[in-house]
Structure formats: C-alpha cells, structure tokens
$ cat structure-v9.csv   # CSV, N, CA and C atoms and all ligand atoms
chain,number,residue,atom,x,y,z
A,1,MET,N,-100.0,128.2,29.2
A,1,MET,CA,-100.5,129.5,29.5
A,1,MET,C,-102.0,129.3,29.9
A,2,ASN,N,-102.4,129.8,31.0
A,2,ASN,CA,-103.8,129.7,31.4
A,2,ASN,C,-104.5,131.1,31.2
A,3,ALA,N,-105.8,131.1,31.5
A,3,ALA,CA,-106.6,132.2,31.2
A,3,ALA,C,-106.1,133.5,31.9
A,4,ARG,N,-105.5,133.3,33.1
A,4,ARG,CA,-105.1,134.4,33.9
A,4,ARG,C,-103.8,135.0,33.4
A,5,THR,N,-103.0,134.3,32.6
A,5,THR,CA,-101.8,134.8,32.1
A,5,THR,C,-101.8,135.1,30.6
A,6,GLU,N,-102.8,134.7,29.9
A,6,GLU,CA,-102.9,135.0,28.5
A,6,GLU,C,-103.0,136.5,28.3
A,7,PRO,N,-102.5,137.1,27.2
A,7,PRO,CA,-102.7,138.5,26.9
A,7,PRO,C,-104.3,138.7,26.8
A,8,PRO,N,-104.7,139.8,27.2
A,8,PRO,CA,-106.2,140.1,27.2
A,8,PRO,C,-106.6,140.3,25.7
A,9,SER,N,-107.8,139.9,25.4
A,9,SER,CA,-108.4,140.2,24.1
A,9,SER,C,-109.9,140.3,24.3
A,10,ILE,N,-110.5,141.2,23.4
A,10,ILE,CA,-111.9,141.4,23.4
A,10,ILE,C,-112.4,141.2,21.9
A,11,THR,N,-113.3,140.3,21.7
A,11,THR,CA,-113.7,139.9,20.4
A,11,THR,C,-115.2,140.1,20.3
A,12,PRO,N,-115.7,141.0,19.4
A,12,PRO,CA,-117.1,141.2,19.3
A,12,PRO,C,-117.7,139.9,18.5
A,13,TYR,N,-118.7,139.3,19.2
A,13,TYR,CA,-119.4,138.2,18.5
A,13,TYR,C,-120.5,138.7,17.7
A,14,PRO,N,-120.5,138.3,16.4
A,14,PRO,CA,-121.6,138.9,15.5
A,14,PRO,C,-123.0,138.7,16.1
A,15,ASP,N,-123.7,139.8,16.1
A,15,ASP,CA,-125.1,139.8,16.7
A,15,ASP,C,-125.2,139.4,18.1
A,16,GLY,N,-124.1,139.6,18.9
A,16,GLY,CA,-124.1,139.1,20.2
A,16,GLY,C,-123.1,139.9,21.1
A,17,PRO,N,-122.6,139.2,22.2
A,17,PRO,CA,-121.8,139.9,23.2
A,17,PRO,C,-120.4,140.1,22.8
A,18,LEU,N,-119.6,140.8,23.7
A,18,LEU,CA,-118.2,141.0,23.6
A,18,LEU,C,-117.6,139.8,24.3
A,19,LEU,N,-116.7,139.0,23.7
A,19,LEU,CA,-116.1,137.9,24.3
A,19,LEU,C,-114.7,138.4,24.8
A,20,VAL,N,-114.5,138.3,26.1
A,20,VAL,CA,-113.3,138.7,26.8
A,20,VAL,C,-112.5,137.5,27.2
A,21,ARG,N,-111.2,137.5,26.9
A,21,ARG,CA,-110.4,136.4,27.2
A,21,ARG,C,-109.1,137.0,27.8
A,22,GLY,N,-108.4,136.2,28.6
A,22,GLY,CA,-107.1,136.5,29.1
A,22,GLY,C,-107.1,137.3,30.4
A,23,ALA,N,-106.0,137.9,30.7
A,23,ALA,CA,-105.7,138.5,32.0
A,23,ALA,C,-106.4,139.9,32.1
A,24,VAL,N,-107.6,139.9,32.5
A,24,VAL,CA,-108.3,141.2,32.6
A,24,VAL,C,-109.0,141.2,34.0
A,25,GLU,N,-109.2,142.4,34.5
A,25,GLU,CA,-109.9,142.6,35.8
A,25,GLU,C,-111.2,143.1,35.4
A,26,LEU,N,-112.3,142.5,35.8
A,26,LEU,CA,-113.6,143.0,35.7
A,26,LEU,C,-114.1,143.6,37.0
A,27,ARG,N,-114.7,144.8,36.9
A,27,ARG,CA,-115.2,145.5,38.1
A,27,ARG,C,-116.6,146.0,37.9
A,28,THR,N,-117.3,146.1,39.0
A,28,THR,CA,-118.7,146.7,39.0
A,28,THR,C,-118.5,148.2,38.8
A,29,ALA,N,-119.6,148.9,38.6
A,29,ALA,CA,-119.6,150.4,38.4
A,29,ALA,C,-119.1,151.0,39.7
A,30,ASP,N,-119.2,150.3,40.8
A,30,ASP,CA,-118.7,150.8,42.1
A,30,ASP,C,-117.2,150.5,42.3
A,31,GLY,N,-116.6,149.8,41.4
A,31,GLY,CA,-115.2,149.4,41.5
A,31,GLY,C,-114.9,148.1,42.2
A,32,GLU,N,-116.0,147.4,42.6
A,32,GLU,CA,-115.8,146.1,43.2
A,32,GLU,C,-115.4,145.0,42.2
A,33,PRO,N,-114.4,144.2,42.5
A,33,PRO,CA,-114.0,143.2,41.5
A,33,PRO,C,-115.1,142.1,41.3
A,34,ILE,N,-115.2,141.7,40.1
A,34,ILE,CA,-116.1,140.6,39.7
A,34,ILE,C,-115.2,139.5,39.3
A,35,GLU,N,-115.4,138.4,40.0
A,35,GLU,CA,-114.6,137.2,39.7
A,35,GLU,C,-115.2,136.4,38.5
A,36,PRO,N,-114.5,136.4,37.4
A,36,PRO,CA,-115.0,135.6,36.3
A,36,PRO,C,-115.0,134.1,36.6
A,37,ASN,N,-116.1,133.5,36.3
A,37,ASN,CA,-116.2,132.0,36.6
A,37,ASN,C,-115.8,131.2,35.4
A,38,ARG,N,-115.5,131.8,34.3
A,38,ARG,CA,-115.2,131.1,33.1
A,38,ARG,C,-113.9,131.6,32.5
A,39,ARG,N,-113.4,130.8,31.6
A,39,ARG,CA,-112.2,131.1,30.8
A,39,ARG,C,-112.5,132.3,29.9
A,40,THR,N,-113.7,132.2,29.3
A,40,THR,CA,-114.1,133.3,28.4
A,40,THR,C,-115.3,133.9,29.0
A,41,VAL,N,-115.3,135.3,29.1
A,41,VAL,CA,-116.4,136.0,29.7
A,41,VAL,C,-117.2,136.7,28.5
A,42,ALA,N,-118.5,136.6,28.5
A,42,ALA,CA,-119.3,137.3,27.5
A,42,ALA,C,-120.0,138.5,28.1
A,43,LEU,N,-119.6,139.7,27.6
A,43,LEU,CA,-120.2,140.9,28.2
A,43,LEU,C,-121.3,141.4,27.2
A,44,CYS,N,-122.5,141.7,27.8
A,44,CYS,CA,-123.6,142.2,27.0
A,44,CYS,C,-123.3,143.5,26.3
A,45,ARG,N,-123.7,143.5,25.1
A,45,ARG,CA,-123.6,144.8,24.3
A,45,ARG,C,-125.0,145.2,23.7
A,46,CYS,N,-126.0,144.4,24.0
A,46,CYS,CA,-127.3,144.8,23.5
A,46,CYS,C,-128.1,145.6,24.5
A,47,GLY,N,-127.7,145.5,25.8
A,47,GLY,CA,-128.3,146.3,26.8
A,47,GLY,C,-129.5,145.6,27.4
A,48,LEU,N,-129.8,144.4,27.0
A,48,LEU,CA,-131.1,143.8,27.5
A,48,LEU,C,-130.9,142.7,28.5
A,49,SER,N,-129.6,142.3,28.8
A,49,SER,CA,-129.4,141.2,29.7
A,49,SER,C,-129.9,141.5,31.1
A,50,THR,N,-130.4,140.5,31.8
A,50,THR,CA,-130.8,140.7,33.2
A,50,THR,C,-129.6,140.4,34.1
A,51,LEU,N,-128.5,140.0,33.6
A,51,LEU,CA,-127.3,139.6,34.3
A,51,LEU,C,-126.1,140.6,34.1
A,52,LYS,N,-126.4,141.8,33.7
A,52,LYS,CA,-125.4,142.7,33.3
A,52,LYS,C,-124.3,142.8,34.4
A,53,PRO,N,-123.0,142.8,34.0
A,53,PRO,CA,-122.5,143.1,32.7
A,53,PRO,C,-122.5,141.9,31.8
A,54,PHE,N,-122.9,140.7,32.2
A,54,PHE,CA,-122.8,139.5,31.5
A,54,PHE,C,-123.9,139.3,30.5
A,55,CYS,N,-123.7,138.7,29.4
A,55,CYS,CA,-124.7,138.3,28.4
A,55,CYS,C,-125.5,137.1,29.0
A,56,ASP,N,-126.8,137.2,28.9
A,56,ASP,CA,-127.6,136.0,29.3
A,56,ASP,C,-128.4,135.4,28.2
A,57,GLY,N,-128.0,135.8,26.9
A,57,GLY,CA,-128.6,135.2,25.8
A,57,GLY,C,-129.8,135.9,25.3
A,58,THR,N,-130.3,136.9,26.0
A,58,THR,CA,-131.5,137.7,25.6
A,58,THR,C,-131.4,138.3,24.2
A,59,HIS,N,-130.2,138.6,23.8
A,59,HIS,CA,-130.0,139.3,22.5
A,59,HIS,C,-130.5,138.4,21.4
A,60,LYS,N,-130.5,137.1,21.5
A,60,LYS,CA,-131.1,136.3,20.4
A,60,LYS,C,-132.6,136.5,20.3
A,61,ALA,N,-133.3,136.4,21.4
A,61,ALA,CA,-134.7,136.6,21.3
A,61,ALA,C,-135.1,138.0,20.9
A,62,ALA,N,-134.3,139.0,21.2
A,62,ALA,CA,-134.6,140.4,20.9
A,62,ALA,C,-134.2,140.7,19.4
A,63,GLY,N,-133.5,139.8,18.8
A,63,GLY,CA,-133.1,140.1,17.4
A,63,GLY,C,-132.0,141.1,17.3
A,64,PHE,N,-131.2,141.2,18.3
A,64,PHE,CA,-130.1,142.2,18.3
A,64,PHE,C,-129.2,141.9,17.1
A,65,ARG,N,-128.9,143.0,16.3
A,65,ARG,CA,-128.0,142.9,15.1
A,65,ARG,C,-126.9,143.9,15.2
A,66,THR,N,-125.7,143.4,14.7
A,66,THR,CA,-124.5,144.3,14.6
A,66,THR,C,-124.1,144.3,13.2
A,67,ASP,N,-123.2,145.3,12.9
A,67,ASP,CA,-122.7,145.4,11.5
A,67,ASP,C,-121.4,144.6,11.4
A,68,ASP,N,-120.8,144.0,12.5
A,68,ASP,CA,-119.6,143.2,12.3
A,68,ASP,C,-119.8,141.7,12.4
B,101,LIG,S1,-125.5,140.7,24.2
B,101,LIG,FE1,-126.4,138.9,25.0
B,101,LIG,S2,-127.9,139.6,26.3
B,101,LIG,FE2,-127.0,141.4,25.5

$ encode --input "structure-v9.csv" --output "structure tokens" --more "lines below"
Ligand code: FES
Amino acid sequence: MNARTEPPSITPYPDGPLLVRGAVELRTADGEPIEPNRRTVALCRCGLSTLKPFCDGTHKAAGFRTDD
C-alpha cells in the first residue's frame, strides 16, 4: 500500500503541525490542487508559517503549545 492508497489520517503533533497521511487531496483556498511532495504532509496549525498551509518549523521558535 503506498501513500496514495492508504486510508487518510490526520494526527495532531504535540506543540506542532497536523500530520496528514494517506489518500487525501490538498487544495488552495481557490480550489487549486496542491501536489504533496512527501508521504506525510505537515499542515501548520500555529498560524505563523510562511509556507502556509504547510508547517515550516516556525512553531518551535514561537513556543507554540497545544493541550494534546
Ligand atoms: S505548526 Fe509549524 S509553523 Fe505552524
């Protein structure tokens, strides 16, 4: 089973992004498809990434904290 056929899953990473795996379609706010370049895609949930919707690691320097 490869990343394109695995069931989709979204896992919140503690104090970090949402990790998306499996067969999902990512789209821009305008509906344009975003081609994931990796098997696991990290989506920003701190709001500070300069590469939104992807995490760029800024959450670490910002001290972003979650309850999970
Ligand atoms: S969660 Fe990593 S930059 Fe926002």

$ closest_residue --input "structure-v9.csv" --among "A:Ser49, A:Thr66, A:Thr58, A:Ser9" --to "Gly22 (chain A)" --atoms "all atoms listed in the file"
A:Ser9

$ closest_atom_pairs --input "structure-v9.csv" --of "chain A" --to "ligand LIG 101 (chain B)" --cutoff "8 Å" --atoms "all atoms listed in the file" --output "JSON lines"
{"residue": "A:Asp15", "atom": "C", "partner": "B:LIG101", "partner_atom": "S1", "distance": 6.2}
{"residue": "A:Gly16", "atom": "C", "partner": "B:LIG101", "partner_atom": "S1", "distance": 4.0}
{"residue": "A:Pro17", "atom": "N", "partner": "B:LIG101", "partner_atom": "S1", "distance": 3.8}
{"residue": "A:Leu18", "atom": "N", "partner": "B:LIG101", "partner_atom": "S1", "distance": 5.9}
{"residue": "A:Ala42", "atom": "C", "partner": "B:LIG101", "partner_atom": "S1", "distance": 7.1}
{"residue": "A:Leu43", "atom": "C", "partner": "B:LIG101", "partner_atom": "S1", "distance": 5.2}
{"residue": "A:Cys44", "atom": "CA", "partner": "B:LIG101", "partner_atom": "S1", "distance": 3.7}
{"residue": "A:Arg45", "atom": "N", "partner": "B:LIG101", "partner_atom": "S1", "distance": 3.4}
{"residue": "A:Cys46", "atom": "N", "partner": "B:LIG101", "partner_atom": "FE2", "distance": 3.5}
{"residue": "A:Gly47", "atom": "N", "partner": "B:LIG101", "partner_atom": "FE2", "distance": 4.2}
{"residue": "A:Leu48", "atom": "N", "partner": "B:LIG101", "partner_atom": "FE2", "distance": 4.4}
{"residue": "A:Ser49", "atom": "CA", "partner": "B:LIG101", "partner_atom": "S2", "distance": 4.0}
{"residue": "A:Thr50", "atom": "N", "partner": "B:LIG101", "partner_atom": "S2", "distance": 6.1}
{"residue": "A:Leu51", "atom": "N", "partner": "B:LIG101", "partner_atom": "S2", "distance": 7.3}
{"residue": "A:Lys52", "atom": "N", "partner": "B:LIG101", "partner_atom": "S2", "distance": 7.9}
{"residue": "A:Pro53", "atom": "C", "partner": "B:LIG101", "partner_atom": "FE2", "distance": 7.8}
{"residue": "A:Phe54", "atom": "C", "partner": "B:LIG101", "partner_atom": "S2", "distance": 5.8}
{"residue": "A:Cys55", "atom": "CA", "partner": "B:LIG101", "partner_atom": "FE1", "distance": 3.8}
{"residue": "A:Asp56", "atom": "N", "partner": "B:LIG101", "partner_atom": "S2", "distance": 3.7}
{"residue": "A:Gly57", "atom": "N", "partner": "B:LIG101", "partner_atom": "S2", "distance": 3.8}
{"residue": "A:Thr58", "atom": "N", "partner": "B:LIG101", "partner_atom": "S2", "distance": 3.6}
{"residue": "A:His59", "atom": "N", "partner": "B:LIG101", "partner_atom": "S2", "distance": 3.5}
{"residue": "A:Lys60", "atom": "N", "partner": "B:LIG101", "partner_atom": "FE1", "distance": 5.7}
{"residue": "A:Ala61", "atom": "N", "partner": "B:LIG101", "partner_atom": "S2", "distance": 8.0}
{"residue": "A:Phe64", "atom": "CA", "partner": "B:LIG101", "partner_atom": "S1", "distance": 7.6}

$ closest_residue --input "structure-v9.csv" --among "A:Val41, A:Ala29, A:Ala62, A:Ala23" --to "Glu6 (chain A)" --atoms "all atoms listed in the file"
A:Ala23

$ atom_distance --input "structure-v9.csv" --atom1 "atom N of Gly31 (chain A)" --atom2 "CA of Ile10 (chain A)"
20.4 Å

$ select_by_dssp --input "structure-v9.csv" --residues "chain A" --states "helix (DSSP H, G or I)" --output "list of chain:residue names"
A:Thr58, A:His59, A:Lys60, A:Ala61, A:Ala62

$ write_last_selection --input "structure-v9.csv" --atoms "N, CA and C atoms" --output "compact mmCIF listing (two decimals), in the coordinates of the input"
# COMPACT_ATOMS: atom_id res chain seq x y z
N THR A 58 -130.30 136.90 26.00
CA THR A 58 -131.50 137.70 25.60
C THR A 58 -131.40 138.30 24.20
N HIS A 59 -130.20 138.60 23.80
CA HIS A 59 -130.00 139.30 22.50
C HIS A 59 -130.50 138.40 21.40
N LYS A 60 -130.50 137.10 21.50
CA LYS A 60 -131.10 136.30 20.40
C LYS A 60 -132.60 136.50 20.30
N ALA A 61 -133.30 136.40 21.40
CA ALA A 61 -134.70 136.60 21.30
C ALA A 61 -135.10 138.00 20.90
N ALA A 62 -134.30 139.00 21.20
CA ALA A 62 -134.60 140.40 20.90
C ALA A 62 -134.20 140.70 19.40

$ residues_around --input "structure-v9.csv" --residues "Thr40 (chain A)" --least-positions-apart "2" --cutoff "7 Å" --atoms "only C-alpha atoms" --output "ChimeraX atom specification"
/A:19-21,38,42

$ atom_distance --input "structure-v9.csv" --atom1 "CA of Pro8 (chain A)" --atom2 "atom C of Arg39 (chain A)"
10.4 Å

$ atom_distance --input "structure-v9.csv" --atom1 "CA of Pro7 (chain A)" --atom2 "CA of Glu25 (chain A)"
12.2 Å

$ select_by_dssp --input "structure-v9.csv" --residues "chain A" --states "strand (DSSP E or B)" --output "PyMOL selection string"
chain A and resi 9-12+18-21+26-27+33-34+40-43+54
